[in-house]
>>> print(open('entry12.pdb').read())   # PDB, C-alpha atoms and all ligand atoms
ATOM      1  CA  MET A1398      -3.113  12.166 -32.441
ATOM      2  CA  ARG A1399      -3.179  12.484 -28.648
ATOM      3  CA  SER A1400      -5.409  15.165 -27.249
ATOM      4  CA  THR A1401      -3.702  17.920 -25.261
ATOM      5  CA  MET A1402      -7.012  19.087 -23.885
ATOM      6  CA  ARG A1403      -7.131  19.516 -20.120
ATOM      7  CA  ALA A1404     -10.071  19.843 -17.760
ATOM      8  CA  GLU A1405     -10.190  21.339 -14.305
ATOM      9  CA  LEU A1406     -10.612  18.923 -11.422
ATOM     10  CA  ARG A1407     -11.307  19.836  -7.808
ATOM     11  CA  PHE A1408     -11.826  17.455  -4.964
ATOM     12  CA  THR A1409     -10.858  16.848  -1.358
ATOM     13  CA  LEU A1410      -7.844  14.600  -0.892
ATOM     14  CA  ASN A1411      -7.172  13.348   2.611
ATOM     15  CA  GLY A1412      -8.967  16.343   4.095
ATOM     16  CA  ALA A1413      -7.347  19.028   1.924
ATOM     17  CA  ALA A1414      -8.871  20.755  -1.083
ATOM     18  CA  VAL A1415      -6.940  20.049  -4.276
ATOM     19  CA  GLU A1416      -7.278  21.598  -7.682
ATOM     20  CA  THR A1417      -5.505  20.478 -10.818
ATOM     21  CA  MET A1418      -5.830  20.150 -14.573
ATOM     22  CA  VAL A1419      -6.198  16.659 -16.028
ATOM     23  CA  ARG A1420      -6.634  14.987 -19.369
ATOM     24  CA  PRO A1421     -10.307  14.045 -19.809
ATOM     25  CA  GLN A1422      -9.405  10.341 -19.951
ATOM     26  CA  ALA A1423      -6.985  10.432 -16.983
ATOM     27  CA  ARG A1424      -7.261   7.715 -14.376
ATOM     28  CA  LEU A1425      -7.641   8.724 -10.742
ATOM     29  CA  LEU A1426      -4.616   6.513  -9.945
ATOM     30  CA  ASP A1427      -2.320   8.581 -12.165
ATOM     31  CA  VAL A1428      -3.609  11.896 -10.887
ATOM     32  CA  LEU A1429      -3.045  10.752  -7.306
ATOM     33  CA  ARG A1430       0.437   9.350  -7.876
ATOM     34  CA  ASP A1431       1.913  11.469 -10.653
ATOM     35  CA  THR A1432       0.201  14.822 -10.260
ATOM     36  CA  LEU A1433      -0.491  14.972  -6.531
ATOM     37  CA  GLY A1434       2.409  12.864  -5.250
ATOM     38  CA  ALA A1435       0.221  10.435  -3.291
ATOM     39  CA  THR A1436       2.401   7.450  -4.194
ATOM     40  CA  GLY A1437       1.160   5.260  -1.352
ATOM     41  CA  THR A1438      -1.506   4.019  -3.752
ATOM     42  CA  LYS A1439       0.033   1.281  -5.897
ATOM     43  CA  GLU A1440      -0.566   0.042  -9.412
ATOM     44  CA  GLY A1441      -0.530  -3.740  -9.742
ATOM     45  CA  CYS A1442      -2.526  -5.024 -12.690
ATOM     46  CA  GLY A1443      -3.951  -1.764 -13.991
ATOM     47  CA  GLU A1444      -7.071  -3.724 -14.957
ATOM     48  CA  GLY A1445      -9.271  -3.778 -11.869
ATOM     49  CA  GLU A1446      -8.201  -7.276 -10.826
ATOM     50  CA  CYS A1447      -5.729  -6.945  -7.930
ATOM     51  CA  GLY A1448      -6.986  -4.182  -5.626
ATOM     52  CA  ALA A1449      -3.529  -2.651  -5.056
ATOM     53  CA  CYS A1450      -4.860   0.718  -6.219
ATOM     54  CA  THR A1451      -7.890   0.784  -3.889
ATOM     55  CA  VAL A1452      -8.844   4.189  -2.505
ATOM     56  CA  LEU A1453     -12.060   5.446  -0.938
ATOM     57  CA  VAL A1454     -14.224   7.888  -2.894
ATOM     58  CA  ASP A1455     -16.962   9.334  -0.702
ATOM     59  CA  GLY A1456     -16.312   6.404   1.631
ATOM     60  CA  ARG A1457     -16.668   3.702  -1.029
ATOM     61  CA  ALA A1458     -13.729   1.503  -2.018
ATOM     62  CA  VAL A1459     -12.908   1.876  -5.712
ATOM     63  CA  ALA A1460     -10.154   0.640  -8.008
ATOM     64  CA  SER A1461      -8.447   3.905  -8.872
ATOM     65  CA  CYS A1462      -6.870   2.319 -11.975
ATOM     66  CA  LEU A1463     -10.353   2.098 -13.497
ATOM     67  CA  PHE A1464     -11.845   5.217 -11.953
ATOM     68  CA  PRO A1465     -11.935   8.253 -14.272
ATOM     69  CA  ALA A1466     -10.279  11.134 -12.450
ATOM     70  CA  LEU A1467     -12.984  13.554 -13.525
ATOM     71  CA  GLU A1468     -15.569  11.460 -11.678
ATOM     72  CA  ALA A1469     -13.867  12.549  -8.462
ATOM     73  CA  GLU A1470     -14.988  16.131  -9.091
ATOM     74  CA  GLY A1471     -16.438  17.565  -5.863
ATOM     75  CA  LYS A1472     -15.923  14.307  -3.992
ATOM     76  CA  THR A1473     -13.863  13.224  -1.026
ATOM     77  CA  VAL A1474     -10.950  10.907  -1.753
ATOM     78  CA  LEU A1475      -9.103   9.048   0.982
ATOM     79  CA  THR A1476      -5.787   7.308   0.330
ATOM     80  CA  VAL A1477      -3.452   5.467   2.658
ATOM     81  CA  GLU A1478      -1.627   8.752   3.319
ATOM     82  CA  GLY A1479      -4.806  10.101   4.905
ATOM     83  CA  LEU A1480      -5.351   7.382   7.493
ATOM     84  CA  ARG A1481      -3.127   8.725  10.273
ATOM     85  CA  ASN A1482      -4.899  10.857  12.839
ATOM     86  CA  ALA A1483      -4.005  14.473  13.624
ATOM     87  CA  SER A1484      -1.324  13.306  16.079
ATOM     88  CA  GLY A1485       0.316  11.226  13.358
ATOM     89  CA  GLU A1486      -0.743   7.885  14.842
ATOM     90  CA  LEU A1487      -1.502   5.004  12.521
ATOM     91  CA  SER A1488      -5.149   4.022  12.156
ATOM     92  CA  VAL A1489      -6.397   0.913  13.941
ATOM     93  CA  VAL A1490      -6.342  -0.937  10.623
ATOM     94  CA  GLN A1491      -2.718   0.021   9.952
ATOM     95  CA  ARG A1492      -1.682  -0.943  13.494
ATOM     96  CA  ALA A1493      -3.421  -4.295  13.230
ATOM     97  CA  PHE A1494      -1.716  -5.101   9.911
ATOM     98  CA  VAL A1495       1.654  -4.376  11.537
ATOM     99  CA  ASP A1496       0.868  -6.348  14.706
ATOM    100  CA  LYS A1497      -0.474  -9.413  12.912
ATOM    101  CA  GLY A1498       2.098  -9.599  10.135
ATOM    102  CA  GLY A1499      -0.543  -8.779   7.541
ATOM    103  CA  THR A1500       2.105  -7.148   5.403
ATOM    104  CA  GLN A1501       5.224  -8.735   3.946
ATOM    105  CA  CYS A1502       6.530  -7.195   0.707
ATOM    106  CA  GLY A1503       3.912  -4.505   1.302
ATOM    107  CA  PHE A1504       2.847  -3.961  -2.281
ATOM    108  CA  CYS A1505      -0.756  -5.014  -1.716
ATOM    109  CA  THR A1506      -0.928  -3.401   1.718
ATOM    110  CA  PRO A1507      -2.214   0.098   0.914
ATOM    111  CA  GLY A1508      -5.068  -1.440  -1.065
ATOM    112  CA  MET A1509      -5.748  -4.034   1.632
ATOM    113  CA  VAL A1510      -5.775  -1.366   4.309
ATOM    114  CA  MET A1511      -8.130   0.874   2.359
ATOM    115  CA  ALA A1512     -10.477  -2.018   1.510
ATOM    116  CA  THR A1513     -10.448  -3.056   5.171
ATOM    117  CA  THR A1514     -11.201   0.498   6.258
ATOM    118  CA  ALA A1515     -14.250   0.524   3.977
ATOM    119  CA  LEU A1516     -15.295  -2.959   5.091
ATOM    120  CA  LEU A1517     -15.205  -2.045   8.789
ATOM    121  CA  GLN A1518     -17.162   1.133   8.150
ATOM    122  CA  GLU A1519     -19.929  -0.979   6.626
ATOM    123  CA  ASN A1520     -19.623  -3.929   8.978
ATOM    124  CA  PRO A1521     -17.788  -3.146  12.230
ATOM    125  CA  SER A1522     -17.723  -6.777  13.369
ATOM    126  CA  PRO A1523     -17.290  -9.047  10.342
ATOM    127  CA  SER A1524     -17.000 -12.825  10.530
ATOM    128  CA  ASP A1525     -14.067 -14.606   8.870
ATOM    129  CA  ASP A1526     -16.256 -15.353   5.853
ATOM    130  CA  GLU A1527     -17.388 -11.744   5.637
ATOM    131  CA  ILE A1528     -13.762 -10.576   5.819
ATOM    132  CA  ARG A1529     -12.747 -12.938   3.024
ATOM    133  CA  ALA A1530     -15.750 -11.846   0.940
ATOM    134  CA  GLY A1531     -15.045  -8.169   1.673
ATOM    135  CA  LEU A1532     -11.435  -8.471   0.526
ATOM    136  CA  VAL A1533     -12.092 -10.765  -2.421
ATOM    137  CA  GLY A1534     -10.962  -8.082  -4.855
ATOM    138  CA  ASN A1535      -7.589  -7.629  -3.155
ATOM    139  CA  LEU A1536      -4.820 -10.055  -4.053
ATOM    140  CA  CYS A1537      -1.702 -10.789  -2.015
ATOM    141  CA  ARG A1538       1.206 -12.903  -3.255
ATOM    142  CA  CYS A1539       3.005 -13.139   0.067
ATOM    143  CA  THR A1540       0.943 -13.689   3.182
ATOM    144  CA  GLY A1541      -1.409 -16.541   2.331
ATOM    145  CA  TYR A1542      -4.215 -14.286   3.648
ATOM    146  CA  VAL A1543      -4.395 -15.859   7.137
ATOM    147  CA  GLN A1544      -2.483 -12.975   8.706
ATOM    148  CA  ILE A1545      -4.608 -10.507   6.785
ATOM    149  CA  VAL A1546      -7.846 -11.993   8.115
ATOM    150  CA  ASP A1547      -6.310 -11.938  11.620
ATOM    151  CA  ALA A1548      -5.351  -8.296  11.116
ATOM    152  CA  VAL A1549      -8.872  -7.343  10.085
ATOM    153  CA  LYS A1550     -10.302  -9.111  13.147
ATOM    154  CA  GLN A1551      -7.844  -7.300  15.394
ATOM    155  CA  ALA A1552      -8.660  -3.983  13.728
ATOM    156  CA  ALA A1553     -12.362  -4.575  14.398
ATOM    157  CA  GLU A1554     -11.599  -5.313  18.067
ATOM    158  CA  LEU A1555      -9.347  -2.258  18.450
ATOM    159  CA  ALA A1556     -11.932  -0.034  16.768
ATOM    160  CA  ALA A1557     -14.652  -1.317  19.116
ATOM    161  CA  LYS A1558     -12.435  -0.552  22.152
ATOM    162  CA  GLU A1559     -11.518   2.918  20.922
ATOM    163  CA  ARG A1560     -15.046   3.893  19.902
ATOM    164  CA  PRO A1561     -16.256   6.678  22.209
TER     165      PRO A1561
HETATM  166  S1  LIG A1601      -3.996  -1.850 -10.179
HETATM  167 FE1  LIG A1601      -6.079  -1.380  -9.964
HETATM  168  S2  LIG A1601      -7.011  -3.270  -9.525
HETATM  169 FE2  LIG A1601      -4.926  -3.788  -9.934
HETATM  170  S1  LIG A1602       2.392  -8.495   1.220
HETATM  171 FE1  LIG A1602       3.349  -8.852  -0.708
HETATM  172  S2  LIG A1602       1.671  -8.879  -2.086
HETATM  173 FE2  LIG A1602       0.756  -8.780  -0.156
END
>>> encode(input="entry12.pdb", output="structure tokens")
Amino acid sequence: MRSTMRAELRFTLNGAAVETMVRPQARLLDVLRDTLGATGTKEGCGEGECGACTVLVDGRAVASCLFPALEAEGKTVLTVEGLRNASGELSVVQRAFVDKGGTQCGFCTPGMVMATTALLQENPSPSDDEIRAGLVGNLCRCTGYVQIVDAVKQAAELAAKERP
């Protein structure tokens, strides 16, 4: 018999406080997409293998398909919807993916962009090898990865230029 029990969950999503009721075993991915309407985060494998569902929790990239929603209690969650600045401009990572053709069908892109955002926060000037290692958990069927590595390098350069 499925449990109908619900638990309260509060966290900050893309800068706004959210409060909802979730099943104790709910995945963060489902709460984001189905309950909170943040459908930019994609489900690929549902098993922690593809990275399509990557979001940042307290600045750390996690696979939201494996992340228990209740573990987000009191934390800060950033999804691709939260990357634009207050003026609505795309982040440097998003701009670089567009400029360099780092997105084709686009299914992997939200996860790639979030993983790249986390990577550049940790290492603002990664080498090609460090980029490939940093994105090893994110799979892309379309691009062959070369454009993605180029996009990450461009994002690092843009971020360095725009840093105050
Ligand atoms: S959907 Fe989460 S890692 Fe593939
Ligand atoms: S752009 Fe299609 S899977 Fe990456």
>>> residues_near_ligand(input="entry12.pdb", ligand="ligand LIG 1602 (chain A)", cutoff="8 Å", atoms="only C-alpha atoms and all ligand atoms", output="short mmCIF file (atom, residue, chain, number, x, y, z; two decimals) with C-alpha atoms, in the frame of the given file")
data_model
loop_
_atom_site.label_atom_id
_atom_site.label_comp_id
_atom_site.auth_asym_id
_atom_site.auth_seq_id
_atom_site.Cartn_x
_atom_site.Cartn_y
_atom_site.Cartn_z
CA GLY A 1499 -0.54 -8.78 7.54
CA THR A 1500 2.10 -7.15 5.40
CA GLN A 1501 5.22 -8.74 3.95
CA CYS A 1502 6.53 -7.20 0.71
CA GLY A 1503 3.91 -4.50 1.30
CA PHE A 1504 2.85 -3.96 -2.28
CA CYS A 1505 -0.76 -5.01 -1.72
CA THR A 1506 -0.93 -3.40 1.72
CA LEU A 1536 -4.82 -10.06 -4.05
CA CYS A 1537 -1.70 -10.79 -2.02
CA ARG A 1538 1.21 -12.90 -3.26
CA CYS A 1539 3.00 -13.14 0.07
CA THR A 1540 0.94 -13.69 3.18
#
>>> axis_aligned_box(input="entry12.pdb", around="range 1412-1431 of chain A", padding_each_side="8 Å", output="JSON")
{"center_x": -4.2, "center_y": 14.1, "center_z": -7.9, "size_x": 28.2, "size_y": 31.1, "size_z": 40.0}
>>> closest_residue(input="entry12.pdb", among="A:Ser1488, A:Thr1436, A:Asn1411, A:Gln1551", to="Val1454 in chain A", atoms="only C-alpha atoms")
A:Asn1411
>>> resolve_selection(input="entry12.pdb", expression="the PyMOL selection byres (((not hetatm)) within 10 of (chain A and resi 1601))", output="NGL selection string")
:A and (1426 or 1438-1452 or 1459-1464 or 1505 or 1508 or 1534-1536)
>>> resolve_selection(input="entry12.pdb", expression="the PyMOL selection byres (((chain A and resi 1490-1493) around 9) and not hetatm)", output="list in words")
Leu1480, Arg1481, Glu1486, Leu1487, Ser1488, Val1489, Phe1494, Val1495, Asp1496, Lys1497, Gly1498, Gly1499, Val1510, Met1511, Thr1513, Thr1514, Asp1547, Ala1548, Val1549, Lys1550, Gln1551, Ala1552, Ala1553, Leu1555 and Ala1556 of chain A
>>> atom_distance(input="entry12.pdb", atom1="CA of Gly1412 in chain A", atom2="CA of Glu1554 in chain A")
25.9 Å
>>> residues_around(input="entry12.pdb", residues="range 1518-1520 of chain A", least_positions_apart="5", cutoff="10 Å", atoms="all atoms listed in the file", output="ChimeraX atom specification")
/A:1456-1457,1512-1513,1527-1528,1531,1553
>>> closest_residue(input="entry12.pdb", among="A:Thr1476, A:Asn1482, A:Gln1544, A:Gln1422", to="Thr1401 in chain A", atoms="only C-alpha atoms")
A:Gln1422
>>> closest_residue(input="entry12.pdb", among="A:Leu1475, A:Met1402, A:Ile1545, A:Ala1466", to="Asp1525 in chain A", atoms="all atoms listed in the file")
A:Ile1545
>>> residues_around(input="entry12.pdb", residues="Arg1403 in chain A", least_positions_apart="4", cutoff="9 Å", atoms="all atoms listed in the file", output="list in words")
Met1418, Val1419, Arg1420 and Pro1421 of chain A
>>> residues_near_point(input="entry12.pdb", point="(-16.2, 20.4, -11.2)", cutoff="10 Å", atoms="all atoms listed in the file", output="list of chain:residue names")
A:Ala1404, A:Glu1405, A:Leu1406, A:Arg1407, A:Phe1408, A:Glu1416, A:Leu1467, A:Glu1468, A:Ala1469, A:Glu1470, A:Gly1471, A:Lys1472
>>> atom_distance(input="entry12.pdb", atom1="CA of Val1415 in chain A", atom2="CA of Ala1458 in chain A")
19.9 Å
>>> build_atoms(input="entry12.pdb", residues="range 1411-1443 of chain A", atoms="N, CA and C atoms", output="PDB file, in the coordinates of the input")
ATOM      1  N   ASN A1411      -7.649  13.530   1.239  1.00  0.00           N
ATOM      2  CA  ASN A1411      -7.172  13.348   2.611  1.00  0.00           C
ATOM      3  C   ASN A1411      -7.391  14.602   3.458  1.00  0.00           C
ATOM      4  N   GLY A1412      -8.566  15.203   3.278  1.00  0.00           N
ATOM      5  CA  GLY A1412      -8.967  16.343   4.095  1.00  0.00           C
ATOM      6  C   GLY A1412      -8.557  17.703   3.546  1.00  0.00           C
ATOM      7  N   ALA A1413      -7.785  17.737   2.473  1.00  0.00           N
ATOM      8  CA  ALA A1413      -7.347  19.028   1.924  1.00  0.00           C
ATOM      9  C   ALA A1413      -7.933  19.226   0.525  1.00  0.00           C
ATOM     10  N   ALA A1414      -8.337  20.456   0.253  1.00  0.00           N
ATOM     11  CA  ALA A1414      -8.871  20.755  -1.083  1.00  0.00           C
ATOM     12  C   ALA A1414      -7.728  20.721  -2.096  1.00  0.00           C
ATOM     13  N   VAL A1415      -7.941  20.045  -3.212  1.00  0.00           N
ATOM     14  CA  VAL A1415      -6.940  20.049  -4.276  1.00  0.00           C
ATOM     15  C   VAL A1415      -7.606  20.485  -5.580  1.00  0.00           C
ATOM     16  N   GLU A1416      -6.782  21.078  -6.409  1.00  0.00           N
ATOM     17  CA  GLU A1416      -7.278  21.598  -7.682  1.00  0.00           C
ATOM     18  C   GLU A1416      -6.177  21.356  -8.703  1.00  0.00           C
ATOM     19  N   THR A1417      -6.531  20.756  -9.816  1.00  0.00           N
ATOM     20  CA  THR A1417      -5.505  20.478 -10.818  1.00  0.00           C
ATOM     21  C   THR A1417      -6.158  20.406 -12.196  1.00  0.00           C
ATOM     22  N   MET A1418      -5.330  20.321 -13.215  1.00  0.00           N
ATOM     23  CA  MET A1418      -5.830  20.150 -14.573  1.00  0.00           C
ATOM     24  C   MET A1418      -5.487  18.731 -15.017  1.00  0.00           C
ATOM     25  N   VAL A1419      -6.442  18.048 -15.621  1.00  0.00           N
ATOM     26  CA  VAL A1419      -6.198  16.659 -16.028  1.00  0.00           C
ATOM     27  C   VAL A1419      -6.695  16.428 -17.454  1.00  0.00           C
ATOM     28  N   ARG A1420      -6.104  15.406 -18.081  1.00  0.00           N
ATOM     29  CA  ARG A1420      -6.634  14.987 -19.369  1.00  0.00           C
ATOM     30  C   ARG A1420      -8.021  14.383 -19.130  1.00  0.00           C
ATOM     31  N   PRO A1421      -8.948  14.551 -20.047  1.00  0.00           N
ATOM     32  CA  PRO A1421     -10.307  14.045 -19.809  1.00  0.00           C
ATOM     33  C   PRO A1421     -10.343  12.549 -19.547  1.00  0.00           C
ATOM     34  N   GLN A1422      -9.395  11.803 -20.128  1.00  0.00           N
ATOM     35  CA  GLN A1422      -9.405  10.341 -19.951  1.00  0.00           C
ATOM     36  C   GLN A1422      -8.488   9.883 -18.831  1.00  0.00           C
ATOM     37  N   ALA A1423      -7.946  10.815 -18.033  1.00  0.00           N
ATOM     38  CA  ALA A1423      -6.985  10.432 -16.983  1.00  0.00           C
ATOM     39  C   ALA A1423      -7.620   9.512 -15.948  1.00  0.00           C
ATOM     40  N   ARG A1424      -6.801   8.598 -15.453  1.00  0.00           N
ATOM     41  CA  ARG A1424      -7.261   7.715 -14.376  1.00  0.00           C
ATOM     42  C   ARG A1424      -6.987   8.390 -13.036  1.00  0.00           C
ATOM     43  N   LEU A1425      -7.862   8.148 -12.072  1.00  0.00           N
ATOM     44  CA  LEU A1425      -7.641   8.724 -10.742  1.00  0.00           C
ATOM     45  C   LEU A1425      -6.278   8.292 -10.195  1.00  0.00           C
ATOM     46  N   LEU A1426      -5.901   7.032 -10.428  1.00  0.00           N
ATOM     47  CA  LEU A1426      -4.616   6.513  -9.945  1.00  0.00           C
ATOM     48  C   LEU A1426      -3.454   7.402 -10.395  1.00  0.00           C
ATOM     49  N   ASP A1427      -3.441   7.787 -11.650  1.00  0.00           N
ATOM     50  CA  ASP A1427      -2.320   8.581 -12.165  1.00  0.00           C
ATOM     51  C   ASP A1427      -2.340  10.000 -11.610  1.00  0.00           C
ATOM     52  N   VAL A1428      -3.531  10.546 -11.448  1.00  0.00           N
ATOM     53  CA  VAL A1428      -3.609  11.896 -10.887  1.00  0.00           C
ATOM     54  C   VAL A1428      -3.108  11.869  -9.440  1.00  0.00           C
ATOM     55  N   LEU A1429      -3.499  10.849  -8.695  1.00  0.00           N
ATOM     56  CA  LEU A1429      -3.045  10.752  -7.306  1.00  0.00           C
ATOM     57  C   LEU A1429      -1.528  10.619  -7.241  1.00  0.00           C
ATOM     58  N   ARG A1430      -0.985   9.667  -7.989  1.00  0.00           N
ATOM     59  CA  ARG A1430       0.437   9.350  -7.876  1.00  0.00           C
ATOM     60  C   ARG A1430       1.324  10.393  -8.588  1.00  0.00           C
ATOM     61  N   ASP A1431       0.981  10.688  -9.826  1.00  0.00           N
ATOM     62  CA  ASP A1431       1.913  11.469 -10.653  1.00  0.00           C
ATOM     63  C   ASP A1431       1.701  12.970 -10.509  1.00  0.00           C
ATOM     64  N   THR A1432       0.464  13.383 -10.337  1.00  0.00           N
ATOM     65  CA  THR A1432       0.201  14.822 -10.260  1.00  0.00           C
ATOM     66  C   THR A1432       0.230  15.301  -8.819  1.00  0.00           C
ATOM     67  N   LEU A1433      -0.342  14.500  -7.916  1.00  0.00           N
ATOM     68  CA  LEU A1433      -0.491  14.972  -6.531  1.00  0.00           C
ATOM     69  C   LEU A1433       0.516  14.334  -5.577  1.00  0.00           C
ATOM     70  N   GLY A1434       1.331  13.422  -6.075  1.00  0.00           N
ATOM     71  CA  GLY A1434       2.409  12.864  -5.250  1.00  0.00           C
ATOM     72  C   GLY A1434       1.959  11.886  -4.185  1.00  0.00           C
ATOM     73  N   ALA A1435       0.727  11.402  -4.282  1.00  0.00           N
ATOM     74  CA  ALA A1435       0.221  10.435  -3.291  1.00  0.00           C
ATOM     75  C   ALA A1435       0.602   9.023  -3.759  1.00  0.00           C
ATOM     76  N   THR A1436       1.881   8.692  -3.615  1.00  0.00           N
ATOM     77  CA  THR A1436       2.401   7.450  -4.194  1.00  0.00           C
ATOM     78  C   THR A1436       2.178   6.233  -3.306  1.00  0.00           C
ATOM     79  N   GLY A1437       1.508   6.427  -2.176  1.00  0.00           N
ATOM     80  CA  GLY A1437       1.160   5.260  -1.352  1.00  0.00           C
ATOM     81  C   GLY A1437       0.224   4.316  -2.089  1.00  0.00           C
ATOM     82  N   THR A1438      -0.594   4.844  -2.955  1.00  0.00           N
ATOM     83  CA  THR A1438      -1.506   4.019  -3.752  1.00  0.00           C
ATOM     84  C   THR A1438      -0.702   3.351  -4.871  1.00  0.00           C
ATOM     85  N   LYS A1439      -0.821   2.039  -4.969  1.00  0.00           N
ATOM     86  CA  LYS A1439       0.033   1.281  -5.897  1.00  0.00           C
ATOM     87  C   LYS A1439      -0.731   0.830  -7.139  1.00  0.00           C
ATOM     88  N   GLU A1440       0.008   0.651  -8.210  1.00  0.00           N
ATOM     89  CA  GLU A1440      -0.566   0.042  -9.412  1.00  0.00           C
ATOM     90  C   GLU A1440      -0.019  -1.371  -9.547  1.00  0.00           C
ATOM     91  N   GLY A1441      -0.918  -2.354  -9.512  1.00  0.00           N
ATOM     92  CA  GLY A1441      -0.530  -3.740  -9.742  1.00  0.00           C
ATOM     93  C   GLY A1441      -0.867  -4.110 -11.172  1.00  0.00           C
ATOM     94  N   CYS A1442      -2.112  -4.527 -11.369  1.00  0.00           N
ATOM     95  CA  CYS A1442      -2.526  -5.024 -12.690  1.00  0.00           C
ATOM     96  C   CYS A1442      -2.937  -3.915 -13.654  1.00  0.00           C
ATOM     97  N   GLY A1443      -3.438  -2.825 -13.120  1.00  0.00           N
ATOM     98  CA  GLY A1443      -3.951  -1.764 -13.991  1.00  0.00           C
ATOM     99  C   GLY A1443      -5.244  -2.128 -14.694  1.00  0.00           C
TER     100      GLY A1443
END
